[in-house]
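Asks: What follows is a single structure, and I will ask about it in a moment.
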Amino acid sequence: MNRTLFFLVWVLALPGLGAQFDAAPSALSLPEGNGLVWEDPRELHKVVVHFDGAAPPADGARLEYWGSRWPEQHLPKDREPGGGDVGWMELGNWYNYGWRRADAEVRAEGQTLIYTLRPVNRKEFPKVKDYPAAFRYTLKIRIVSEGALPKIRRFETLTDSTVEKRLVSLAWKEPPDSKLSISAYNGTASMVKSAGARTDMEVACSINPDPNTFDRTLVTVVGGKDVFTFAVDDLKQGPLFLPQYGVAVLSAPEAGGFDYNAVAIAGAPKKGQSLYDRVAGMPEQTWRAAWDNMPPKKSRIYLPLGLDGGRQRFLLNADGSVSCRHNDHYLRQRPGKDSPRLDREPAPASFRFGDYGQPADRGLDEDSIPICTTVWEQGGLRTIQTAFVTELSGAKADGPVPEADALTVFLARFIFTNISTANQTATLPLSYSTAEKAKPLRAGDNGLVWVGDHVRAQVLADGGASGEQPVAWSWTLAPGESRTVLVKIPYLVLTEKPEEDALARLDFDTERKAVAGY
């Protein structure tokens with residue numbers, strides 16, 4: 001009968017070897033046989049290529065490495081980064097990017113070529129001023145030549161890690177029934193002695209103060225059907241403890257002999273349910289419970305609004321303001337019929353309707369339709385903004401997907417209601433800026449709002465607008481009285497009369513129904 005493995009891991013540091021760590025044994029060979037590929041990126045300082053015959057001339061073979069966002073983006077070497085500063089950092093992948101020629105000093109010695117990496121900003125990336133990395137951070141390397149190369153026997157890829165021997169001991173609750181197999185990744189491991197409930201092994205492991213290195217040594221122990229792996233570096237904080245195996249761990253075990261029972265007794269005060277057991281004992285989670293238990297955000301974020309597959313996007317902020325033209329560089333790189341019109345005003349463009357602050361309520365229609373309703377309540381006045389985006393020519397609920405460069409319009413309805421017992425003043429100011437510089441607006445006939453000689457919006461409201469800046473509409477509301485205002489903002493300024501007419505024809509209720517139907 002195969003017994004479950006119970007173990008304690010204990011490590012004693014032995015005198016270090018001090019040699020540079022060679023990451024090549026942990027790599028896979030490229031199909032062409034002229035290089036290596038790793039599962040994780042490695043920091044390579046020197047590459048030694050061993051040939052079956054005499055090495056080619058030093059200038060006859062070049063070292064290439066697989067590119068990535070490195071060195072423009074790189075991990076710190078003195079701390080573990082938090083999710084906030086490198087949450088979107090890409091460390092590279094096997095398929096994107098391409099091969100780069102490494103700037104290296106090359107020396108031929110007998111059957112070897114030795115490549116010592118020069119600083120990456122010396123020749124390859126001179127614009128990266130403050131990062132003279134004399135290594136290459138990469139997933140793949142290869143040797144390339146214009147002519148035929150001798151057969152490559154093996155590689156040495158030396159990193160900034162060093163090698164140190166350590167003695168690791170396993171204490172079993174019961175002696176294992178089957179013969180143990182021990183292997184190591186990023187290092188070597190060999191059995192020294194296995195007797196009864198104790199197994200000793202020697203591990204040549206990598207040592208590196210860099211918290212972000214991928215050279216860490218992992219040791220895997222196989223006994224029958226039982227397999228476990230541990231990181232040698234984890235032993236710095238004391239013996240390891242896996243509750244599912246019934247193992248007690250001492251943070252500072254004695255250097256002499258010990259058995260499982262002594263360690264288990266010493267660790268008894270720490271005994272408790274594992275995280276897995278605690279999770280299994282919890283009731284089945286529901287979506288609503290998980291949603292309600294999420295901590296609230298410090299503030300509401302913007303909501304992107306646009307057409308299905310469209311490239312024109314508005315950003316609706318929680319304070320009711322809206323902006324657009326944040327992605328002009330993409331629109332210029334992939335020209336469309338809207339691209340020539342981008343030069344009519346600088347980007348981005350921003351519109352504000354007053355200072356409402358954080359909303360009392362905010363949500364999408366049916367929690368999914370891109371029609372946003374926001375509610376603010378201030379000083380006895382309730383303001384409700386309902387906003388969405390449609391085509392200048394009108395949305396078609398049963399029509400095909402709009403063209404990606406179709407001209408879009410931001411539609412918003414403001415309803416001001418006096419919820420107090422005294423008269424209240426409701427005001428809708430409209431201010432406008434481009435490239436973060438205020439631009440004066442002028443209210444004209446039919447509610448059109450002009451910037452210079454071009455139409456920039458339409459505001460449909462009872463009563464005239466003030467001629468001052470910002471342009472504003474104002475009403476005195478009796479208790480319980482409401483006032484409704486419609487705002488239409490095209491993504492780009494309008495210069496043609498047919499476009500002005502199309503903007504005027506857009507009906508809020510018709511477009512809302514069409515957008516929801518789509």
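So you can find residues: chains in the structure tokens are A, B, ... in the order shown, residues in each start at 1, and ligands are numbered from 1 in order.
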For the helix (DSSP H, G or I) assignment from backbone DSSP, which residues of region 269-363 of chain A qualify? Please present them as a PyMOL selection string.
Replies: chain A and resi 269-270+275-280+287-292+328-333+339-344
Asks: Based on the backbone DSSP call, show me all residues of region 158-239 of chain A assigned strand (DSSP E), as a ChimeraX atom specification.
Replies: /A:158-171,180-185,187-195,198-207,218-223,226-231
Asks: Identify which of the residues A:Lys173, A:Lys129, A:Arg216, A:Arg62 lies closest to Ala23 (chain A), counting only C-alpha atoms when measuring atom-to-atom distances.
Replies: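 The shortest atom-to-atom distance to Ala23 (chain A) comes from A:Arg216.
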Asks: By how many Å are CA of Gly394 (chain A) and CA of Glu511 (chain A) apart?
Replies: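 These two atoms are separated by 6.7 Å.
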